[in-house]
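Shown below: upload11.cif, with mmCIF, C-alpha atoms (C1' of nucleotides).
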```
data_coords
loop_
_atom_site.label_atom_id
_atom_site.label_comp_id
_atom_site.auth_asym_id
_atom_site.auth_seq_id
_atom_site.Cartn_x
_atom_site.Cartn_y
_atom_site.Cartn_z
CA MET L 1 -4.04 -19.40 -14.57
CA ALA L 2 -6.78 -20.76 -12.41
CA CYS L 3 -5.80 -22.50 -9.22
CA ALA L 4 -7.20 -25.81 -10.34
CA MET L 5 -5.36 -25.66 -13.64
CA SER L 6 -2.02 -24.39 -12.49
CA GLN L 7 0.90 -25.16 -10.26
CA THR L 8 1.31 -21.61 -9.04
CA LEU L 9 -0.62 -18.51 -8.07
CA SER L 10 1.02 -15.09 -8.23
CA ILE L 11 -0.31 -12.17 -6.19
CA ALA L 12 0.85 -8.57 -6.58
CA SER L 13 0.22 -5.51 -4.43
CA TRP L 14 0.66 -1.87 -5.47
CA ASN L 15 -0.23 1.48 -3.93
CA ILE L 16 -1.14 3.14 -7.22
CA ASN L 17 -1.95 6.69 -6.02
CA SER L 18 -5.00 7.07 -8.30
CA VAL L 19 -5.83 4.12 -10.54
CA ARG L 20 -7.43 6.39 -13.15
CA PHE L 21 -4.48 8.77 -13.44
CA ARG L 22 -2.05 5.83 -13.69
CA ILE L 23 -4.16 3.42 -15.73
CA ASP L 24 -1.45 3.25 -18.43
CA ILE L 25 1.26 1.98 -16.09
CA VAL L 26 -1.15 -0.45 -14.44
CA GLU L 27 -1.85 -1.91 -17.89
CA ARG L 28 1.86 -2.03 -18.67
CA PHE L 29 2.56 -3.88 -15.42
CA LEU L 30 -0.23 -6.40 -16.04
CA ARG L 31 0.93 -7.06 -19.60
CA ASP L 32 4.58 -7.41 -18.55
CA VAL L 33 4.20 -9.43 -15.34
CA GLN L 34 0.80 -11.10 -15.73
CA PRO L 35 0.09 -11.70 -12.05
CA ASP L 36 -2.95 -13.85 -11.31
CA ILE L 37 -4.19 -11.29 -8.80
CA LEU L 38 -3.46 -7.57 -8.32
CA CYS L 39 -4.30 -5.78 -5.07
CA LEU L 40 -4.40 -1.99 -5.33
CA GLN L 41 -4.40 0.68 -2.65
CA GLU L 42 -5.14 4.41 -2.93
CA THR L 43 -7.36 3.89 -5.95
CA LYS L 44 -8.96 7.30 -5.25
CA VAL L 45 -12.17 6.49 -7.09
CA VAL L 46 -15.73 5.54 -6.27
CA ASP L 47 -16.73 2.08 -7.47
CA ARG L 48 -19.04 3.29 -10.27
CA ASP L 49 -16.11 5.19 -11.86
CA PHE L 50 -13.50 2.44 -11.45
CA PRO L 51 -11.78 1.74 -14.81
CA SER L 52 -12.99 -1.86 -14.91
CA ALA L 53 -12.84 -2.30 -18.70
CA MET L 54 -9.05 -2.35 -19.05
CA PHE L 55 -8.76 -5.05 -16.38
CA ARG L 56 -11.57 -7.07 -17.91
CA GLN L 57 -9.92 -6.92 -21.34
CA LEU L 58 -6.72 -8.37 -19.87
CA GLY L 59 -8.60 -11.23 -18.24
CA TYR L 60 -9.10 -9.76 -14.77
CA THR L 61 -12.81 -10.41 -14.83
CA HIS L 62 -13.14 -10.93 -11.09
CA GLN L 63 -13.17 -7.51 -9.44
CA VAL L 64 -13.82 -6.62 -5.83
CA LEU L 65 -13.90 -2.85 -5.34
CA HIS L 66 -14.05 -0.78 -2.20
CA GLY L 67 -13.67 2.87 -3.09
CA GLN L 68 -14.77 6.24 -1.77
CA PRO L 69 -14.61 9.79 -3.14
CA MET L 70 -11.23 11.53 -3.28
CA HIS L 71 -9.01 9.53 -0.96
CA HIS L 72 -7.97 6.02 -0.03
CA GLY L 73 -9.80 3.10 -1.68
CA VAL L 74 -8.73 -0.51 -2.28
CA ALA L 75 -9.46 -3.08 -4.98
CA ILE L 76 -8.66 -6.68 -5.88
CA LEU L 77 -8.52 -7.62 -9.58
CA SER L 78 -8.20 -11.31 -10.38
CA ARG L 79 -8.01 -13.80 -13.23
CA VAL L 80 -9.12 -16.54 -10.84
CA PRO L 81 -12.43 -16.74 -9.03
CA MET L 82 -12.75 -15.18 -5.60
CA ARG L 83 -15.59 -14.48 -3.24
CA GLU L 84 -15.82 -11.14 -1.44
CA ASP L 85 -15.90 -11.76 2.24
CA LYS L 86 -15.29 -8.80 4.51
CA ARG L 87 -14.78 -5.06 4.49
CA PHE L 88 -13.31 -4.19 7.84
CA ASP L 89 -13.37 -0.63 9.17
CA TRP L 90 -10.37 -0.78 11.47
CA GLN L 91 -10.29 3.01 11.63
CA ASP L 92 -13.94 3.10 12.76
CA ASN L 93 -14.71 6.14 10.62
CA GLY L 94 -16.03 4.70 7.36
CA GLU L 95 -12.88 5.16 5.27
CA ALA L 96 -12.29 2.57 2.51
CA ARG L 97 -9.09 0.89 3.68
CA HIS L 98 -9.71 -2.85 3.55
CA VAL L 99 -11.30 -5.56 1.50
CA GLY L 100 -10.97 -9.30 1.99
CA VAL L 101 -11.76 -12.29 -0.22
CA GLU L 102 -11.78 -16.06 -0.10
CA LEU L 103 -9.71 -17.75 -2.80
CA GLU L 104 -10.49 -21.19 -4.20
CA CYS L 105 -6.95 -22.40 -3.59
CA GLY L 106 -7.53 -22.52 0.13
CA PHE L 107 -6.54 -19.24 1.74
CA ARG L 108 -7.96 -15.81 2.46
CA LEU L 109 -6.55 -12.69 0.84
CA ASP L 110 -6.84 -9.41 2.74
CA ASN L 111 -5.88 -6.10 1.10
CA VAL L 112 -5.26 -3.24 3.51
CA TYR L 113 -4.31 0.41 3.37
CA ILE L 114 -3.14 1.39 6.84
CA PRO L 115 -3.41 5.14 7.50
CA ALA L 116 -0.25 7.17 7.11
CA GLY L 117 -0.65 8.88 10.46
CA GLY L 118 0.21 12.50 9.75
CA GLU L 119 3.42 14.29 10.63
CA GLU L 120 3.73 14.45 14.40
CA PRO L 121 4.37 11.06 16.08
CA ASP L 122 2.44 11.98 19.22
CA PRO L 123 -1.11 10.67 19.64
CA GLU L 124 -1.81 13.41 22.20
CA VAL L 125 -1.36 16.23 19.71
CA ASN L 126 -1.91 14.44 16.37
CA PRO L 127 -5.30 12.72 16.00
CA LYS L 128 -4.18 11.02 12.79
CA PHE L 129 -1.36 9.28 14.60
CA ALA L 130 -3.78 8.20 17.33
CA GLN L 131 -6.05 6.79 14.60
CA LYS L 132 -3.14 4.88 13.09
CA LEU L 133 -2.31 3.25 16.42
CA ALA L 134 -6.00 2.45 17.02
CA PHE L 135 -6.18 0.93 13.52
CA LEU L 136 -3.22 -1.33 14.33
CA ASP L 137 -4.84 -2.34 17.62
CA ARG L 138 -8.12 -3.29 15.92
CA MET L 139 -6.22 -5.18 13.23
CA THR L 140 -4.41 -7.05 15.99
CA GLN L 141 -7.72 -7.98 17.65
CA TRP L 142 -8.88 -9.41 14.31
CA SER L 143 -5.58 -11.21 13.82
CA SER L 144 -5.64 -12.81 17.27
CA GLN L 145 -8.99 -14.44 16.44
CA LEU L 146 -7.96 -15.48 12.93
CA THR L 147 -7.92 -19.19 12.27
CA GLU L 148 -8.01 -19.42 8.47
CA PRO L 149 -4.74 -19.45 6.52
CA THR L 150 -4.42 -15.90 5.25
CA LEU L 151 -2.30 -13.64 3.08
CA LEU L 152 -2.39 -10.01 4.19
CA VAL L 153 -1.00 -7.54 1.65
CA GLY L 154 -0.94 -3.82 1.18
CA ASP L 155 0.48 -0.47 2.14
CA PHE L 156 1.16 -0.87 5.86
CA ASN L 157 2.70 2.61 6.10
CA VAL L 158 5.16 1.18 8.59
CA ALA L 159 8.80 0.27 7.92
CA PRO L 160 9.48 -1.93 10.94
CA LEU L 161 13.12 -2.97 10.57
CA GLU L 162 16.30 -0.93 10.57
CA SER L 163 17.10 -2.04 7.03
CA ASP L 164 13.57 -1.07 5.92
CA VAL L 165 14.61 2.61 5.88
CA TRP L 166 17.46 4.60 4.39
CA GLY L 167 18.55 5.83 7.80
CA HIS L 168 17.38 4.21 11.02
CA LYS L 169 18.65 6.94 13.35
CA GLN L 170 17.43 9.74 11.09
CA LEU L 171 13.90 8.26 10.97
CA LEU L 172 13.40 7.20 14.58
CA ASN L 173 11.11 10.17 15.14
CA VAL L 174 9.55 10.12 11.68
CA VAL L 175 6.07 8.59 11.37
CA SER L 176 6.36 5.12 9.75
CA HIS L 177 9.50 4.10 11.68
CA THR L 178 8.87 5.25 15.27
CA PRO L 179 9.37 2.79 18.15
CA VAL L 180 5.67 2.98 19.10
CA GLU L 181 4.62 1.93 15.58
CA VAL L 182 7.24 -0.82 15.45
CA ALA L 183 6.02 -2.11 18.83
CA ALA L 184 2.42 -2.13 17.56
CA MET L 185 3.51 -4.09 14.49
CA ASP L 186 5.40 -6.55 16.72
CA ARG L 187 2.23 -7.18 18.75
CA PHE L 188 0.33 -7.64 15.51
CA GLN L 189 2.90 -10.07 14.16
CA GLN L 190 2.91 -12.14 17.34
CA SER L 191 -0.90 -12.28 17.47
CA HIS L 192 -0.98 -14.73 14.54
CA GLY L 193 2.62 -15.74 13.91
CA TRP L 194 2.66 -13.72 10.68
CA VAL L 195 5.58 -14.40 8.35
CA ASP L 196 7.03 -11.32 6.64
CA LEU L 197 7.43 -12.70 3.13
CA GLY L 198 9.67 -9.86 1.97
CA ARG L 199 12.19 -10.71 4.66
CA GLN L 200 11.74 -14.44 4.12
CA PHE L 201 13.25 -13.91 0.67
CA ILE L 202 15.51 -10.90 1.28
CA PRO L 203 16.73 -11.16 4.88
CA GLU L 204 18.19 -8.38 6.94
CA PRO L 205 20.49 -6.55 6.89
CA GLU L 206 20.01 -6.00 3.15
CA GLN L 207 18.14 -2.77 2.57
CA MET L 208 14.74 -3.19 0.95
CA PHE L 209 12.50 -0.29 -0.08
CA THR L 210 9.09 -0.06 -1.78
CA TRP L 211 8.51 3.69 -1.58
CA TRP L 212 10.51 6.78 -2.50
CA SER L 213 9.18 10.31 -2.00
CA TYR L 214 8.14 12.40 -4.99
CA ARG L 215 10.02 15.29 -3.40
CA ALA L 216 13.53 14.08 -4.03
CA ARG L 217 15.21 15.67 -7.02
CA ASP L 218 16.49 12.23 -8.07
CA TRP L 219 14.80 9.41 -6.14
CA LYS L 220 17.38 6.81 -7.15
CA ALA L 221 20.44 8.97 -6.52
CA SER L 222 19.33 10.05 -3.05
CA ASN L 223 17.74 6.61 -2.42
CA ARG L 224 15.92 7.78 0.69
CA GLY L 225 13.43 4.94 0.52
CA ARG L 226 11.33 3.04 2.99
CA ARG L 227 9.72 -0.44 2.92
CA LEU L 228 6.09 0.50 3.51
CA ASP L 229 4.43 -2.20 1.39
CA HIS L 230 4.27 -5.71 2.72
CA MET L 231 2.95 -9.23 2.31
CA TRP L 232 2.50 -11.06 5.59
CA ALA L 233 1.35 -14.66 5.54
CA SER L 234 0.04 -17.26 7.94
CA PRO L 235 2.76 -19.89 8.44
CA ALA L 236 0.89 -22.40 6.28
CA VAL L 237 0.65 -19.86 3.44
CA ALA L 238 4.27 -18.75 3.83
CA ALA L 239 5.34 -22.37 3.40
CA ARG L 240 3.85 -22.27 -0.12
CA ALA L 241 5.71 -19.12 -1.20
CA VAL L 242 8.31 -19.90 -3.85
CA ASP L 243 9.32 -16.46 -5.14
CA HIS L 244 9.12 -12.80 -4.14
CA LYS L 245 9.88 -9.81 -6.34
CA LEU L 246 10.10 -6.03 -6.12
CA PHE L 247 9.53 -4.06 -9.33
CA GLU L 248 11.78 -1.08 -8.78
CA ASP L 249 11.76 -0.20 -12.49
CA CYS L 250 8.15 0.96 -12.12
CA ARG L 251 9.36 3.97 -10.08
CA ASN L 252 10.94 5.22 -13.34
CA TRP L 253 7.95 4.71 -15.61
CA GLY L 254 6.02 7.73 -16.89
CA LYS L 255 3.80 9.37 -14.27
CA PRO L 256 4.93 6.86 -11.61
CA SER L 257 3.37 6.06 -8.29
CA ASP L 258 5.67 6.81 -5.37
CA HIS L 259 5.25 3.12 -4.42
CA ILE L 260 6.42 0.12 -6.47
CA PRO L 261 4.56 -3.17 -6.94
CA ILE L 262 5.61 -6.27 -5.01
CA LEU L 263 4.71 -9.83 -5.93
CA THR L 264 4.80 -13.28 -4.39
CA THR L 265 4.33 -16.57 -6.20
CA PHE L 266 2.77 -19.47 -4.32
CA ARG L 267 2.81 -23.17 -5.05
CA ILE L 268 -0.71 -24.53 -5.35
CA ASP L 269 -1.05 -28.25 -4.80
"C1'" DA H 1 19.83 20.67 2.85
"C1'" DT H 2 12.62 19.13 7.17
"C1'" DG H 3 12.87 21.45 1.40
"C1'" DG H 4 10.05 19.75 -2.06
"C1'" DC H 5 6.07 16.88 -5.06
"C1'" DT H 6 1.50 14.49 -6.32
"C1'" DG H 7 -3.78 13.75 -7.51
"C1'" DG H 8 -8.74 14.81 -6.54
"C1'" DT H 9 -11.99 18.01 -5.97
"C1'" DA H 10 -13.62 22.34 -5.94
"C1'" DG H 11 -13.10 26.22 -7.84
"C1'" DA H 12 -8.70 27.08 -1.79
"C1'" DA H 13 -4.52 31.19 1.26
"C1'" DC H 14 -8.02 23.22 -0.03
"C1'" DC H 15 -7.11 18.10 1.53
"C1'" DA H 16 -4.22 13.93 2.15
"C1'" DG H 17 -0.19 11.49 1.36
"C1'" DA H 18 4.45 9.92 4.60
#
```
Would it be possible to restate this file's structure as structure tokens?
Amino acid sequence: MACAMSQTLSIASWNINSVRFRIDIVERFLRDVQPDILCLQETKVVDRDFPSAMFRQLGYTHQVLHGQPMHHGVAILSRVPMREDKRFDWQDNGEARHVGVELECGFRLDNVYIPAGGEEPDPEVNPKFAQKLAFLDRMTQWSSQLTEPTLLVGDFNVAPLESDVWGHKQLLNVVSHTPVEVAAMDRFQQSHGWVDLGRQFIPEPEQMFTWWSYRARDWKASNRGRRLDHMWASPAVAARAVDHKLFEDCRNWGKPSDHIPILTTFRID
DNA sequence: ATGGCTGGTAGAACCAGA
């Protein structure tokens, strides 16, 4: 429902790993959950080929797309009005990894797809890891100047806390959970006082995952997950959050993404 | 058990994901 007509606003985020290939489960999620806004990452489609019709038919008539051929790509689909604001290039190489909008209910919404960073957690030998750290630094520069209340969602490709991974010791040298990435995320968090909404609702030490590899024989049995997807809010926005959900069932749907959707509901006064 | 699996694009003994 529109901000002005409703007490709440629900915002979901999902790394969909090709929105065209998984259009059926996106539709199923929207019909089941009916979020007001859906932020997608890894849409893997140029804007002219984005499957806009399905979203429009379900009421998501406000669409802000930022795609590119083959890889990456982000999009925001909304039942409430929004105004496209910024497309940051925090990787400084033209890849489609961010889009930001202004919402009528009084805060910004930024949808980001932070680079994975390759295999080797050494910026000297792995340029992708160096790019990931540079991305986080540029994001931190933006964050330190940010004055508007903001909700930042997306695939951060970092699992910062010990209970964000299946095995802290086993993953200390695995990209996504290395101390250098965690330190970069700490600097980012402190640059704006970001509130980690997932952990506001499900505190440590409870394990919390949003991604399970396709490579496991049985993702649920082995349960080697990581919390890579996040919603971080300005303190004023976090104060409005009334509910936070993970949709683990989606990992079992037909042709699943390796990520699950997450959703926060906000009180709108 | 550091293996294996996935989609897009080209038409790969590919790339990227993480």
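Using all atoms listed in the file, the part of chain H that sits within 8 Å of chain L is made up of DG4, DC5, DT6, DG7, DG8, DT9, DA16, DG17 and DA18 of chain H.
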Provide the atom CA of L:Val64 to atom CA of L:Trp253 distance in Å, to one decimal place.
26.4 Å
For this structure, which residues satisfy the selection - the PyMOL selection byres ((chain L and resi 37) around 6) - when it is evaluated on the file as given? I want them as number ranges by chain.
L: 11, 35-36, 38, 77-78
Coordinates-based distance that separates atom CA of L:Gly154 from atom CA of L:Arg97 (Å, one decimal)
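If I compute the distance from atom CA of L:Arg97 to atom CA of L:Gly154, I get 9.7 Å.
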Please write the residues picked by the PyMOL selection byres ((chain L and resi 58) around 12) on this file as a list of chain:residue names.
L:Val26, L:Glu27, L:Arg28, L:Phe29, L:Leu30, L:Arg31, L:Asp32, L:Val33, L:Gln34, L:Pro35, L:Asp36, L:Ile37, L:Ser52, L:Ala53, L:Met54, L:Phe55, L:Arg56, L:Gln57, L:Gly59, L:Tyr60, L:Thr61, L:His62, L:Leu77, L:Ser78, L:Arg79
Could you work out how far atom CA of L:Phe188 lies from atom CA of L:Val237, giving the answer in Å with one decimal?
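Answer for the atom CA of L:Val237 to atom CA of L:Phe188 separation: 17.2 Å.
Residues matching the PyMOL selection byres ((chain L and resi 93) around 12) in this structure come to L:Phe88, L:Asp89, L:Trp90, L:Gln91, L:Asp92, L:Gly94, L:Glu95, L:Ala96, L:Arg97, L:Pro115, L:Lys128, L:Gln131, L:Lys132, L:Ala134, L:Phe135.
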Selection: 10 Å around L:Lys220, only C-alpha atoms (C1' of nucleotides), excl. self and same-chain fewer than 6 positions, as a PyMOL selection string
chain L and resi 212+248+251-252
Go ahead and write the residues just picked, C-alpha atoms, as an mmCIF file, keeping the file's coordinate frame.
```cif
data_model
loop_
_atom_site.group_PDB
_atom_site.id
_atom_site.type_symbol
_atom_site.label_atom_id
_atom_site.label_comp_id
_atom_site.auth_asym_id
_atom_site.auth_seq_id
_atom_site.Cartn_x
_atom_site.Cartn_y
_atom_site.Cartn_z
ATOM 1 C CA TRP L 212 10.510 6.780 -2.500
ATOM 2 C CA GLU L 248 11.780 -1.080 -8.780
ATOM 3 C CA ARG L 251 9.360 3.970 -10.080
ATOM 4 C CA ASN L 252 10.940 5.220 -13.340
#
```
